[in-house]
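A.B. asks: My structure file final-v7.txt, compact mmCIF, C-alpha atoms, is below:
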```txt
# COMPACT_ATOMS: atom_id res chain seq x y z
CA ARG A 1 -40.14 -12.57 200.14
CA TYR A 2 -37.28 -14.58 201.65
CA TRP A 3 -39.83 -16.68 203.55
CA MET A 4 -41.55 -17.56 200.28
CA HIS A 5 -38.20 -18.21 198.60
CA LYS A 6 -37.41 -20.73 201.35
CA ARG A 7 -40.89 -22.30 201.39
CA THR A 8 -40.66 -23.03 197.65
CA ASN A 9 -37.15 -24.53 197.93
CA GLY A 10 -35.72 -21.64 195.94
CA GLN A 11 -38.17 -21.95 193.02
CA ILE A 12 -39.40 -18.39 193.56
CA PRO A 13 -36.54 -15.85 193.42
CA ALA A 14 -36.42 -13.35 196.28
CA MET A 15 -37.05 -9.94 194.70
CA SER A 16 -38.12 -6.65 196.28
CA THR A 17 -41.84 -6.83 195.38
CA PRO A 18 -44.39 -9.58 194.51
CA GLY A 19 -44.61 -8.23 190.96
CA GLN A 20 -40.86 -8.30 190.37
CA THR A 21 -40.71 -11.76 191.94
CA GLY A 22 -43.35 -13.04 189.51
CA LEU A 23 -41.67 -11.47 186.50
CA ARG A 24 -38.29 -12.89 187.44
CA LEU A 25 -39.87 -16.33 187.73
CA LEU A 26 -41.53 -15.81 184.34
CA GLU A 27 -38.15 -15.12 182.78
CA THR A 28 -36.92 -18.51 183.99
CA CYS A 29 -40.00 -20.25 182.55
CA LEU A 30 -39.75 -18.92 178.98
CA PRO A 31 -37.90 -20.90 176.28
CA GLY A 32 -34.23 -19.95 176.02
CA ALA A 33 -34.59 -18.65 172.46
CA TYR A 34 -37.75 -16.69 173.21
CA ASP A 35 -37.68 -13.12 171.90
CA PHE A 36 -39.95 -10.65 173.64
CA GLN A 37 -42.07 -8.84 171.07
CA ARG A 38 -44.61 -6.16 171.77
CA PRO A 39 -46.64 -4.01 169.38
CA GLU A 40 -45.51 -0.59 168.22
CA ALA A 41 -46.20 2.32 170.54
CA ASP A 42 -49.35 3.46 168.71
CA MET A 43 -50.83 -0.04 168.90
CA CYS A 44 -50.01 -0.29 172.60
CA GLU A 45 -51.75 3.04 173.09
CA LEU A 46 -54.83 1.81 171.23
CA ILE A 47 -54.94 -1.38 173.31
CA ARG A 48 -54.62 0.48 176.59
CA GLY A 49 -57.20 3.02 175.47
CA CYS A 50 -59.92 0.42 174.92
CA THR A 51 -59.18 -2.13 177.64
CA PRO A 52 -61.17 -2.33 180.86
CA GLN A 53 -59.80 -4.60 183.54
CA ALA A 54 -62.73 -5.79 185.60
CA ARG A 55 -66.38 -5.98 184.66
CA LYS A 56 -67.99 -4.18 187.59
CA GLN A 57 -71.73 -3.49 187.60
CA ILE A 58 -74.65 -3.16 189.99
CA TYR A 59 -77.91 -4.31 188.38
CA THR A 60 -80.52 -3.26 190.93
CA ASP A 61 -81.35 -0.49 193.39
CA GLY A 62 -81.88 -2.89 196.29
CA PHE A 63 -82.60 -6.42 197.48
CA GLU A 64 -85.81 -8.39 197.06
CA TYR A 65 -87.43 -8.79 200.47
CA GLY A 66 -87.47 -12.32 201.87
CA LEU A 67 -85.05 -13.93 199.42
CA PRO A 68 -81.58 -15.14 200.42
CA PHE A 69 -78.38 -13.57 199.13
CA TYR A 70 -75.55 -15.51 197.47
CA TYR A 71 -71.98 -14.58 196.64
CA SER A 72 -69.81 -16.76 194.41
CA ASP A 73 -66.54 -16.23 192.60
CA GLY A 74 -64.04 -17.96 190.35
CA ARG A 75 -61.30 -19.85 192.16
CA TRP A 76 -57.96 -18.12 191.29
CA MET A 77 -59.39 -17.13 187.92
CA TYR A 78 -56.27 -15.46 186.51
CA ALA A 79 -54.32 -18.72 186.86
CA VAL A 80 -56.57 -20.15 184.11
CA CYS A 81 -57.02 -16.99 182.03
CA ALA A 82 -53.25 -16.49 181.73
CA GLN A 83 -52.80 -19.91 180.11
CA ILE A 84 -54.79 -19.12 176.97
CA GLU A 85 -53.44 -18.31 173.52
CA MET A 86 -52.60 -14.60 173.35
CA PRO A 87 -51.65 -12.08 170.69
CA GLY A 88 -48.05 -12.39 169.51
CA GLU A 89 -46.91 -10.20 166.61
CA LEU A 90 -49.19 -8.02 164.50
CA GLN A 91 -49.68 -9.78 161.15
CA VAL A 92 -52.53 -7.99 159.38
CA HIS A 93 -54.10 -4.55 159.68
CA THR A 94 -57.19 -4.24 157.50
CA VAL A 95 -59.74 -1.48 156.94
CA PHE A 96 -63.24 -2.21 155.61
CA ASP A 97 -64.77 1.01 154.34
CA SER A 98 -68.26 -0.44 154.06
CA GLY A 99 -67.95 -2.81 156.98
CA CYS A 100 -67.54 -6.57 157.07
CA SER A 101 -69.48 -9.06 159.17
CA PHE A 102 -67.31 -10.62 161.86
CA SER A 103 -68.18 -14.08 160.54
CA ASP A 104 -66.94 -13.12 157.06
CA LEU A 105 -63.50 -11.94 158.13
CA PRO A 106 -60.70 -13.84 156.34
CA PHE A 107 -59.02 -14.83 159.61
CA GLY A 108 -60.73 -18.10 160.50
CA ASP A 109 -63.05 -18.83 163.40
CA TYR A 110 -60.59 -18.21 166.24
CA TRP A 111 -58.05 -15.44 165.98
CA ALA A 112 -56.33 -13.02 168.32
CA GLY A 113 -56.48 -9.27 167.93
CA TRP A 114 -58.64 -6.19 168.10
CA LEU A 115 -61.33 -4.66 165.94
CA THR A 116 -63.30 -1.47 165.63
CA CYS A 117 -66.88 -2.38 164.91
CA GLU A 118 -70.56 -1.53 165.23
CA VAL A 119 -72.39 -3.83 167.63
CA SER A 120 -76.12 -4.52 167.82
CA SER A 121 -77.95 -6.77 170.26
CA PRO A 122 -80.58 -9.13 168.79
CA PRO A 123 -84.27 -8.23 169.05
CA GLY A 124 -85.74 -9.44 172.31
CA TRP A 125 -82.42 -9.78 174.12
CA ASN A 126 -83.30 -9.71 177.81
CA HIS A 127 -80.13 -10.36 179.77
CA VAL A 128 -76.84 -8.66 180.65
CA GLY A 129 -74.72 -6.92 178.02
CA LEU A 130 -71.80 -8.68 176.39
CA VAL A 131 -69.53 -5.94 175.04
CA PRO A 132 -67.62 -3.24 176.97
CA MET A 133 -68.38 0.32 175.87
CA ARG A 134 -66.31 3.26 177.03
CA ASP A 135 -68.19 5.87 179.03
CA GLY A 136 -65.82 8.71 179.88
CA LYS A 137 -63.09 7.22 182.06
CA SER A 138 -65.07 4.09 182.87
CA TYR A 139 -66.90 1.34 180.98
CA ARG A 140 -70.39 -0.04 180.83
CA TRP A 141 -71.91 -3.17 179.29
CA PRO A 142 -75.24 -2.10 177.76
CA ALA A 143 -77.77 -4.90 177.38
CA ARG A 144 -79.25 -3.19 174.32
CA MET A 145 -77.01 -1.86 171.57
CA ARG A 146 -77.86 -0.59 168.11
CA ASN A 147 -74.97 0.12 165.76
CA ASP A 148 -72.83 1.31 168.68
CA ARG A 149 -69.20 1.72 167.65
CA VAL A 150 -66.57 0.18 169.96
CA THR A 151 -63.03 -1.17 169.81
CA ILE A 152 -62.89 -4.59 171.46
CA THR A 153 -60.95 -7.86 171.44
CA ALA A 154 -61.70 -10.50 168.85
CA LYS A 155 -62.40 -12.83 171.79
CA GLU A 156 -65.31 -10.71 173.05
CA ALA A 157 -66.60 -10.04 169.55
CA GLY A 158 -66.62 -13.76 168.80
CA GLU A 159 -68.50 -14.49 172.02
CA ALA A 160 -71.14 -11.89 171.13
CA VAL A 161 -71.58 -13.32 167.64
CA ARG A 162 -71.94 -16.82 169.09
CA LEU A 163 -74.86 -15.55 171.17
CA GLY A 164 -76.62 -13.95 168.21
CA TRP A 165 -75.33 -10.39 168.37
CA SER A 166 -74.39 -8.49 165.21
CA VAL A 167 -70.78 -7.30 164.83
CA LEU A 168 -69.96 -5.24 161.73
CA VAL A 169 -66.20 -4.70 161.47
CA PHE A 170 -64.60 -1.54 160.01
CA GLU A 171 -61.00 -2.03 161.12
CA ALA A 172 -59.17 -5.13 162.32
CA TRP A 173 -55.73 -5.90 163.73
CA LYS A 174 -54.88 -9.61 163.53
CA PHE A 175 -51.99 -11.00 165.58
CA SER A 176 -50.20 -14.33 165.58
CA LYS A 177 -51.12 -16.56 168.51
CA VAL A 178 -48.69 -17.50 171.28
CA ARG A 179 -49.04 -19.17 174.66
CA PRO A 180 -46.12 -17.67 176.63
CA LEU A 181 -47.40 -17.95 180.19
CA ARG A 182 -48.56 -21.56 180.41
CA THR A 183 -45.42 -23.01 182.02
CA TRP A 184 -45.25 -20.07 184.42
CA CYS A 185 -48.88 -20.60 185.47
CA ASP A 186 -48.40 -24.35 185.88
CA LYS A 187 -45.39 -23.75 188.11
CA LEU A 188 -47.24 -21.24 190.31
CA ILE A 189 -50.27 -23.55 190.56
CA GLU A 190 -47.98 -26.39 191.57
CA MET A 191 -46.22 -24.22 194.16
CA ARG A 192 -49.54 -23.08 195.59
CA SER A 193 -50.64 -26.69 196.07
CA LEU A 194 -47.58 -27.54 198.15
CA GLU A 195 -49.17 -26.33 201.38
CA ASN A 196 -52.71 -25.89 202.62
CA ASN A 197 -51.80 -22.62 204.27
CA GLY A 198 -53.86 -19.51 203.57
CA LEU A 199 -50.99 -17.05 203.99
CA TYR A 200 -48.67 -19.05 201.75
CA GLN A 201 -51.33 -19.58 199.07
CA GLY A 202 -52.27 -15.91 199.20
CA ALA A 203 -48.63 -14.94 198.72
CA ILE A 204 -48.35 -17.14 195.60
CA ARG A 205 -51.57 -15.63 194.26
CA ASN A 206 -50.24 -12.11 194.83
CA VAL A 207 -47.07 -12.95 192.92
CA MET A 208 -49.15 -13.83 189.86
CA LEU A 209 -51.60 -10.92 190.10
CA ASN A 210 -48.91 -8.29 190.62
CA ALA A 211 -46.74 -9.68 187.82
CA ILE A 212 -49.67 -9.59 185.37
CA GLY A 213 -50.52 -6.04 186.38
CA GLY A 214 -46.86 -5.06 186.06
CA MET A 215 -46.79 -6.13 182.40
CA TYR A 216 -49.62 -3.78 181.45
CA SER A 217 -47.90 -0.46 182.00
CA ASP A 218 -44.71 1.12 180.63
CA TYR A 219 -43.95 2.64 184.03
CA PHE A 220 -43.74 1.38 187.60
CA THR A 221 -44.13 2.93 191.01
CA ARG A 222 -41.62 2.89 193.83
CA GLU A 223 -41.13 4.56 197.16
CA GLY A 224 -38.87 7.56 197.24
CA GLY A 225 -37.64 9.73 200.08
CA ARG A 226 -35.97 13.02 200.95
CA SER A 227 -35.08 14.80 204.14
CA VAL A 228 -37.83 17.03 205.49
CA GLU A 229 -35.80 20.14 204.66
CA ASP A 230 -35.00 19.00 201.12
CA PHE A 231 -38.63 18.02 200.51
CA ALA A 232 -39.86 21.45 201.61
CA GLU A 233 -37.28 23.19 199.43
CA LYS A 234 -37.97 21.16 196.28
CA ALA A 235 -41.68 20.38 196.71
CA GLY A 236 -42.53 22.57 193.74
CA ALA A 237 -40.52 20.32 191.42
CA LEU A 238 -42.29 17.14 192.58
CA SER A 239 -45.36 15.76 190.87
CA ARG A 240 -48.80 16.17 192.38
CA ALA A 241 -48.95 12.41 193.09
CA GLN A 242 -45.63 12.57 194.95
CA ARG A 243 -46.80 15.48 197.08
CA LEU A 244 -50.18 13.89 197.89
CA SER A 245 -48.66 10.53 198.85
CA ALA A 246 -45.93 12.05 201.05
CA LYS A 247 -45.78 10.98 204.70
CA ARG A 248 -43.29 11.91 207.34
CA VAL A 249 -41.22 9.01 208.72
CA GLY A 250 -38.73 10.20 211.29
CA ASN A 251 -36.67 12.98 209.68
CA GLN A 252 -37.65 11.95 206.15
CA MET A 253 -40.60 12.49 203.83
CA ARG A 254 -41.51 9.21 202.07
CA TYR A 255 -43.61 9.27 198.90
CA VAL A 256 -44.60 7.15 195.91
CA GLU A 257 -43.08 8.10 192.58
CA ARG A 258 -43.82 6.97 189.04
CA VAL A 259 -40.82 5.83 187.00
CA GLN A 260 -40.72 5.18 183.26
CA LYS A 261 -39.52 1.69 182.37
CA GLU A 262 -36.36 1.48 180.31
CA GLY A 263 -33.75 -1.07 179.29
CA ALA A 264 -34.38 -4.63 180.44
CA LEU A 265 -37.52 -3.58 182.32
CA LEU A 266 -39.25 -2.96 178.98
CA HIS A 267 -39.04 -6.72 178.34
CA TYR A 268 -41.94 -6.94 180.75
CA TYR A 269 -44.09 -4.33 179.05
CA MET A 270 -46.64 -6.56 177.25
CA PRO A 271 -50.03 -4.82 177.38
CA HIS A 272 -51.48 -7.01 174.63
CA TRP A 273 -50.98 -10.13 176.76
CA VAL A 274 -52.55 -8.56 179.82
CA ALA A 275 -55.48 -7.18 177.84
CA TYR A 276 -56.27 -10.69 176.63
CA ILE A 277 -56.02 -12.15 180.14
CA TRP A 278 -58.52 -9.57 181.34
CA ALA A 279 -60.77 -10.20 178.33
CA GLU A 280 -60.77 -13.94 179.03
CA CYS A 281 -61.76 -13.24 182.63
CA ARG A 282 -64.63 -10.98 181.49
CA VAL A 283 -65.87 -13.60 179.02
CA ARG A 284 -65.85 -16.31 181.71
CA LEU A 285 -67.71 -14.01 184.10
CA THR A 286 -70.31 -13.15 181.45
CA ARG A 287 -70.92 -16.84 180.75
CA GLU A 288 -71.54 -17.34 184.47
CA LEU A 289 -73.90 -14.36 184.62
CA LEU A 290 -75.96 -15.81 181.78
CA ARG A 291 -76.68 -18.89 183.93
CA TYR A 292 -78.73 -16.73 186.31
CA PRO A 293 -82.23 -15.28 185.86
CA VAL A 294 -81.43 -11.68 185.02
CA GLU A 295 -84.00 -10.36 187.51
CA LYS A 296 -82.18 -12.14 190.36
CA LEU A 297 -78.76 -10.64 189.65
CA ILE A 298 -77.53 -8.06 192.13
CA ALA A 299 -74.03 -7.20 190.88
CA CYS A 300 -70.76 -8.53 189.47
CA ASN A 301 -67.13 -7.57 189.96
CA LEU A 302 -64.07 -9.07 188.25
CA ASP A 303 -64.82 -12.78 188.83
CA ALA A 304 -67.55 -12.48 191.48
CA VAL A 305 -71.33 -12.74 191.15
CA TYR A 306 -73.82 -11.41 193.72
CA SER A 307 -77.39 -12.61 193.35
CA GLN A 308 -80.60 -13.76 195.00
CA HIS A 309 -80.62 -17.02 193.04
CA PHE A 310 -78.81 -20.15 194.26
CA PRO A 311 -75.81 -20.46 191.90
CA GLN A 312 -75.37 -24.28 191.97
CA PRO A 313 -71.62 -23.95 191.33
CA ASP A 314 -69.71 -26.80 189.66
CA ASP A 315 -66.59 -26.56 191.82
CA ASN A 316 -64.03 -29.36 191.68
CA GLY A 317 -61.32 -27.42 193.50
CA LYS A 318 -59.42 -26.45 190.36
CA PRO A 319 -58.58 -22.85 189.35
CA GLY A 320 -61.22 -21.13 187.25
CA ARG A 321 -64.23 -22.92 188.74
CA PHE A 322 -66.96 -20.84 190.35
CA ARG A 323 -67.62 -21.65 193.99
CA LEU A 324 -70.06 -20.46 196.62
CA LYS A 325 -68.28 -18.04 198.95
CA GLY A 326 -71.14 -16.52 200.93
CA ALA A 327 -74.83 -16.99 201.70
CA LEU A 328 -77.37 -15.12 203.80
CA ARG A 329 -80.86 -16.31 204.64
CA GLY A 330 -83.63 -13.89 203.78
CA ASP A 331 -84.17 -12.80 207.38
CA SER A 332 -80.42 -12.37 207.92
CA LEU A 333 -80.20 -10.26 204.79
CA MET A 334 -82.97 -7.95 205.97
CA GLU A 335 -81.31 -7.58 209.37
CA CYS A 336 -78.04 -6.73 207.65
CA VAL A 337 -79.74 -4.14 205.44
CA ALA A 338 -81.55 -2.64 208.44
CA ASP A 339 -78.24 -2.29 210.30
CA MET A 340 -76.95 -0.03 207.52
CA ARG A 341 -79.61 2.58 208.42
CA ASP A 342 -79.44 4.04 204.95
CA ASP A 343 -82.42 4.22 202.60
CA GLY A 344 -80.34 5.17 199.55
CA ASP A 345 -79.74 2.97 196.52
CA LEU A 346 -77.44 -0.01 196.72
CA ASP A 347 -73.76 0.85 196.28
CA TRP A 348 -70.44 -0.99 196.58
CA ASN A 349 -69.93 -0.04 200.23
CA LYS A 350 -73.29 -1.56 201.20
CA LEU A 351 -72.67 -4.58 199.01
CA GLU A 352 -69.30 -5.15 200.69
CA TRP A 353 -71.05 -5.10 204.05
CA VAL A 354 -73.56 -7.74 202.89
CA LYS A 355 -70.83 -9.80 201.24
CA GLN A 356 -68.81 -10.00 204.47
CA ALA A 357 -71.92 -10.96 206.44
CA SER A 358 -72.70 -13.70 203.89
CA GLU A 359 -69.19 -15.14 204.21
CA CYS A 360 -69.53 -15.29 208.00
CA GLU A 361 -72.96 -16.95 207.89
CA LEU A 362 -71.86 -19.55 205.34
CA ALA A 363 -68.77 -20.36 207.40
CA GLU A 364 -70.94 -20.82 210.50
CA LEU A 365 -73.36 -23.03 208.58
CA LYS A 366 -70.56 -25.20 207.19
CA ALA A 367 -69.07 -25.58 210.64
CA ALA A 368 -72.44 -26.54 212.14
CA GLN A 369 -73.20 -29.04 209.39
CA LYS A 370 -69.62 -30.23 208.93
CA GLY A 371 -69.41 -29.02 205.35
CA GLY A 372 -72.97 -29.69 204.18
CA VAL A 373 -74.88 -26.68 202.81
CA THR A 374 -78.55 -27.58 202.76
CA TYR A 375 -80.52 -24.47 201.93
CA ALA A 376 -81.08 -22.63 198.66
```
For the file at hand, write its structure as structure tokens.
C.D. replies:
Amino acid sequence: RYWMHKRTNGQIPAMSTPGQTGLRLLETCLPGAYDFQRPEADMCELIRGCTPQARKQIYTDGFEYGLPFYYSDGRWMYAVCAQIEMPGELQVHTVFDSGCSFSDLPFGDYWAGWLTCEVSSPPGWNHVGLVPMRDGKSYRWPARMRNDRVTITAKEAGEAVRLGWSVLVFEAWKFSKVRPLRTWCDKLIEMRSLENNGLYQGAIRNVMLNAIGGMYSDYFTREGGRSVEDFAEKAGALSRAQRLSAKRVGNQMRYVERVQKEGALLHYYMPHWVAYIWAECRVRLTRELLRYPVEKLIACNLDAVYSQHFPQPDDNGKPGRFRLKGALRGDSLMECVADMRDDGDLDWNKLEWVKQASECELAELKAAQKGGVTYA
């Protein structure tokens, strides 16, 4: 952290973790008269109860023989998503007993907030799903929906309506719109551009990602420790997570503990901001998925697309643009799959193996052709 503090000429304060460093920098970027406002506890609970972070799906059981594999992702996607207009203060809470079409809501075309609604896909829809639907502790994005009730962001509802889906609203929470993180993002983007050094740029990226994640929860984790004797004596009073994470270091037991935020730390508890950043990322990923033939899609994760269709990315080097990160020729893909020696369905472990192989092959191809990628 002190290295990064020095490399940025003191612009990034030296704090104990990347997340705390990013939040301290955020505090210096906000207007002097800015007053942190977050929703009431019940609204925060509702937001956290209906908010997935990453869209993560596998669309097929395996690869199509003979076709190449491509992996692309959005360049530092959160740096763009965090600059959008976000929910500020709750202004209107409305219930529609008989339902109200999303387009008929009295909030205008673009508004920030959440809604409970029934969603239906249009007849003949033959592509990926658009709306997250809770499935136990995880989420799925069904391609076909018929009056399925969900609680989602107005951003995702508006995107679905734009593409012809039906959204019938029964309850809506409309917020004012604010753009609190734009200066902070601009400063981090500027700092990241100071050096063409992977370690330095990765450190700046981690500052942003950890700070955003830190604003989502009303607790934080830290490392705790006790002597071996004291740990053994008081183990029964520790949480299960503390006991499971415990490791012996010298004559101490070190463990991770969960601590409730209080006082000034609650200034950084803004789940409604983070939920909208994640929603913006999911919307951008969905738009990219819709550019592909659905039958050629392999999987997606956060801001990454895996497919057997050349993506033709429009990358100009700026954050948020999708770029080709990996490519495998058809024969290389089959060799990679054969090396797994596993006839089961495709899973994330196998996909990670193929992804890493595709990154290596693309790097070799770029080196051989001095930056020119000629196959699709």
A.B. asks: Please indicate the distance in Å from CA of Arg258 (chain A) to CA of Gln37 (chain A), rounded to one decimal place.
C.D. replies: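 Between CA of Arg258 (chain A) and CA of Gln37 (chain A) the gap works out to 24.0 Å.
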A.B. asks: If we count all atoms listed in the file, what is near Asp109 (chain A) at a cut-off of 12 Å, once residues fewer than 6 positions away on the same chain are taken out, given as a VMD selection string?
C.D. replies: chain A and resid 102 to 103 154 to 155 157 to 159 161 to 162
A.B. asks: Of the candidates A:Trp141, A:Tyr216, A:Tyr255, A:Phe170, which shows the shortest atom-to-atom distance to Thr286 (chain A), using only C-alpha atoms?
C.D. replies: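 Using only C-alpha atoms, Thr286 (chain A) sits closest to A:Trp141.
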A.B. asks: Met86 (chain A): which residues within 10 Å, counting all atoms listed in the file, same-chain residues fewer than 6 positions away excluded, as an mmCIF file with C-alpha atoms, in the frame of the given file?
C.D. replies:
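File produced: around-v1.cif:
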```
data_model
loop_
_atom_site.group_PDB
_atom_site.id
_atom_site.type_symbol
_atom_site.label_atom_id
_atom_site.label_comp_id
_atom_site.auth_asym_id
_atom_site.auth_seq_id
_atom_site.Cartn_x
_atom_site.Cartn_y
_atom_site.Cartn_z
ATOM 1 C CA TRP A 111 -58.050 -15.440 165.980
ATOM 2 C CA ALA A 112 -56.330 -13.020 168.320
ATOM 3 C CA GLY A 113 -56.480 -9.270 167.930
ATOM 4 C CA PHE A 175 -51.990 -11.000 165.580
ATOM 5 C CA SER A 176 -50.200 -14.330 165.580
ATOM 6 C CA LYS A 177 -51.120 -16.560 168.510
ATOM 7 C CA VAL A 178 -48.690 -17.500 171.280
ATOM 8 C CA ARG A 179 -49.040 -19.170 174.660
ATOM 9 C CA PRO A 180 -46.120 -17.670 176.630
ATOM 10 C CA LEU A 181 -47.400 -17.950 180.190
ATOM 11 C CA HIS A 272 -51.480 -7.010 174.630
ATOM 12 C CA TRP A 273 -50.980 -10.130 176.760
ATOM 13 C CA VAL A 274 -52.550 -8.560 179.820
ATOM 14 C CA ALA A 275 -55.480 -7.180 177.840
ATOM 15 C CA TYR A 276 -56.270 -10.690 176.630
ATOM 16 C CA ILE A 277 -56.020 -12.150 180.140
ATOM 17 C CA GLU A 280 -60.770 -13.940 179.030
#
```
A.B. asks: Find the distance between CA of Trp114 (chain A) and CA of Trp278 (chain A) and write it in Å to one decimal.
C.D. replies: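 Going from CA of Trp114 (chain A) over to CA of Trp278 (chain A), I get 13.7 Å.
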A.B. asks: Starting from 6 Å padding per side, set up an axis-aligned box that covers all listed atoms of region 93-101 of chain A and hand over centre and edge lengths in Å, one decimal, as AutoDock Vina command-line options.
C.D. replies:
```
--center_x -61.8 --center_y -4.0 --center_z 156.9 --size_x 27.4 --size_y 22.1 --size_z 17.6
```
A.B. asks: Please compute the CA of Gln312 (chain A)-CA of Leu324 (chain A) distance, one decimal, in Å.
C.D. replies: 8.0 Å
A.B. asks: Might you pull out every residue within 6 Å of region 239-242 of chain A, with all atoms listed in the file counted and same-chain residues fewer than 2 positions away left off, and present them as JSON, numbers by chain?
C.D. replies: {"A": [244, 245, 255, 256, 257]}
A.B. asks: Distance table requested - region 239-322 of chain A against region 63-80 of chain A, cut-off 8 Å, only C-alpha atoms: one row per qualifying residue with the closest atom pair and its distance in Å to one decimal, ordered by chain and rising residue number, as a tab-separated table.
C.D. replies:
```
residue	atom	partner	partner_atom	distance
A:Ile277	CA	A:Tyr78	CA	7.2
A:Cys281	CA	A:Met77	CA	7.0
A:Ile298	CA	A:Phe63	CA	7.6
A:Asp303	CA	A:Asp73	CA	5.4
A:Ala304	CA	A:Asp73	CA	4.0
A:Val305	CA	A:Ser72	CA	5.4
A:Tyr306	CA	A:Tyr71	CA	4.7
A:Ser307	CA	A:Tyr70	CA	5.4
A:Gln308	CA	A:Phe69	CA	4.7
A:His309	CA	A:Tyr70	CA	6.9
A:Phe310	CA	A:Tyr70	CA	6.5
A:Pro311	CA	A:Tyr70	CA	7.5
A:Gly317	CA	A:Arg75	CA	7.7
A:Lys318	CA	A:Arg75	CA	7.1
A:Pro319	CA	A:Arg75	CA	4.9
A:Gly320	CA	A:Met77	CA	4.4
A:Arg321	CA	A:Gly74	CA	5.2
A:Phe322	CA	A:Gly74	CA	4.1
```
A.B. asks: Residues at most 9 Å from Lys56 (chain A), counting only C-alpha atoms, excluding those fewer than 2 positions away in the same chain, as a VMD selection string?
C.D. replies: chain A and resid 54 58 139 to 140 299 to 302
A.B. asks: Write a file of the just-selected residues containing C-alpha atoms, as a PDB file, in the coordinates of the input.
C.D. replies:
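Dumped to again-v2.pdb:
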```
ATOM      1  CA  ALA A  54     -62.730  -5.790 185.600  1.00  0.00           C
ATOM      2  CA  ILE A  58     -74.650  -3.160 189.990  1.00  0.00           C
ATOM      3  CA  TYR A 139     -66.900   1.340 180.980  1.00  0.00           C
ATOM      4  CA  ARG A 140     -70.390  -0.040 180.830  1.00  0.00           C
ATOM      5  CA  ALA A 299     -74.030  -7.200 190.880  1.00  0.00           C
ATOM      6  CA  CYS A 300     -70.760  -8.530 189.470  1.00  0.00           C
ATOM      7  CA  ASN A 301     -67.130  -7.570 189.960  1.00  0.00           C
ATOM      8  CA  LEU A 302     -64.070  -9.070 188.250  1.00  0.00           C
TER       9      LEU A 302
END
```
A.B. asks: So, counting only C-alpha atoms, which residue among A:Gly224, A:Leu90, A:Gly62, A:Arg48 is closest to Lys350 (chain A)?
C.D. replies: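 Under the stated criterion, the closest residue is A:Gly62.
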A.B. asks: Please complete region 147-157 of chain A with N, CA, C and O atoms and give it back as a PDB file, in the coordinates of the input.
C.D. replies:
```pdb
ATOM      1  N   ASN A 147     -76.027  -0.500 166.575  1.00  0.00           N
ATOM      2  CA  ASN A 147     -74.970   0.120 165.760  1.00  0.00           C
ATOM      3  C   ASN A 147     -74.042   1.004 166.588  1.00  0.00           C
ATOM      4  O   ASN A 147     -73.590   2.056 166.125  1.00  0.00           O
ATOM      5  N   ASP A 148     -73.752   0.571 167.816  1.00  0.00           N
ATOM      6  CA  ASP A 148     -72.830   1.310 168.680  1.00  0.00           C
ATOM      7  C   ASP A 148     -71.398   0.948 168.318  1.00  0.00           C
ATOM      8  O   ASP A 148     -71.049  -0.236 168.251  1.00  0.00           O
ATOM      9  N   ARG A 149     -70.569   1.961 168.095  1.00  0.00           N
ATOM     10  CA  ARG A 149     -69.200   1.720 167.650  1.00  0.00           C
ATOM     11  C   ARG A 149     -68.276   1.574 168.858  1.00  0.00           C
ATOM     12  O   ARG A 149     -68.242   2.430 169.741  1.00  0.00           O
ATOM     13  N   VAL A 150     -67.500   0.485 168.872  1.00  0.00           N
ATOM     14  CA  VAL A 150     -66.570   0.180 169.960  1.00  0.00           C
ATOM     15  C   VAL A 150     -65.311  -0.441 169.374  1.00  0.00           C
ATOM     16  O   VAL A 150     -65.307  -0.922 168.235  1.00  0.00           O
ATOM     17  N   THR A 151     -64.245  -0.421 170.133  1.00  0.00           N
ATOM     18  CA  THR A 151     -63.030  -1.170 169.810  1.00  0.00           C
ATOM     19  C   THR A 151     -62.859  -2.213 170.887  1.00  0.00           C
ATOM     20  O   THR A 151     -62.723  -1.876 172.074  1.00  0.00           O
ATOM     21  N   ILE A 152     -62.878  -3.495 170.495  1.00  0.00           N
ATOM     22  CA  ILE A 152     -62.890  -4.590 171.460  1.00  0.00           C
ATOM     23  C   ILE A 152     -61.962  -5.712 170.975  1.00  0.00           C
ATOM     24  O   ILE A 152     -61.468  -5.691 169.845  1.00  0.00           O
ATOM     25  N   THR A 153     -61.745  -6.696 171.828  1.00  0.00           N
ATOM     26  CA  THR A 153     -60.950  -7.860 171.440  1.00  0.00           C
ATOM     27  C   THR A 153     -61.758  -8.771 170.532  1.00  0.00           C
ATOM     28  O   THR A 153     -62.988  -8.820 170.604  1.00  0.00           O
ATOM     29  N   ALA A 154     -61.039  -9.512 169.688  1.00  0.00           N
ATOM     30  CA  ALA A 154     -61.700 -10.500 168.850  1.00  0.00           C
ATOM     31  C   ALA A 154     -62.378 -11.571 169.699  1.00  0.00           C
ATOM     32  O   ALA A 154     -63.386 -12.148 169.313  1.00  0.00           O
ATOM     33  N   LYS A 155     -61.826 -11.834 170.877  1.00  0.00           N
ATOM     34  CA  LYS A 155     -62.400 -12.830 171.790  1.00  0.00           C
ATOM     35  C   LYS A 155     -63.819 -12.429 172.202  1.00  0.00           C
ATOM     36  O   LYS A 155     -64.753 -13.234 172.151  1.00  0.00           O
ATOM     37  N   GLU A 156     -63.989 -11.163 172.609  1.00  0.00           N
ATOM     38  CA  GLU A 156     -65.310 -10.710 173.050  1.00  0.00           C
ATOM     39  C   GLU A 156     -66.268 -10.555 171.885  1.00  0.00           C
ATOM     40  O   GLU A 156     -67.469 -10.830 172.012  1.00  0.00           O
ATOM     41  N   ALA A 157     -65.750 -10.142 170.736  1.00  0.00           N
ATOM     42  CA  ALA A 157     -66.600 -10.040 169.550  1.00  0.00           C
ATOM     43  C   ALA A 157     -67.115 -11.415 169.141  1.00  0.00           C
ATOM     44  O   ALA A 157     -68.294 -11.596 168.823  1.00  0.00           O
TER      45      ALA A 157
END
```
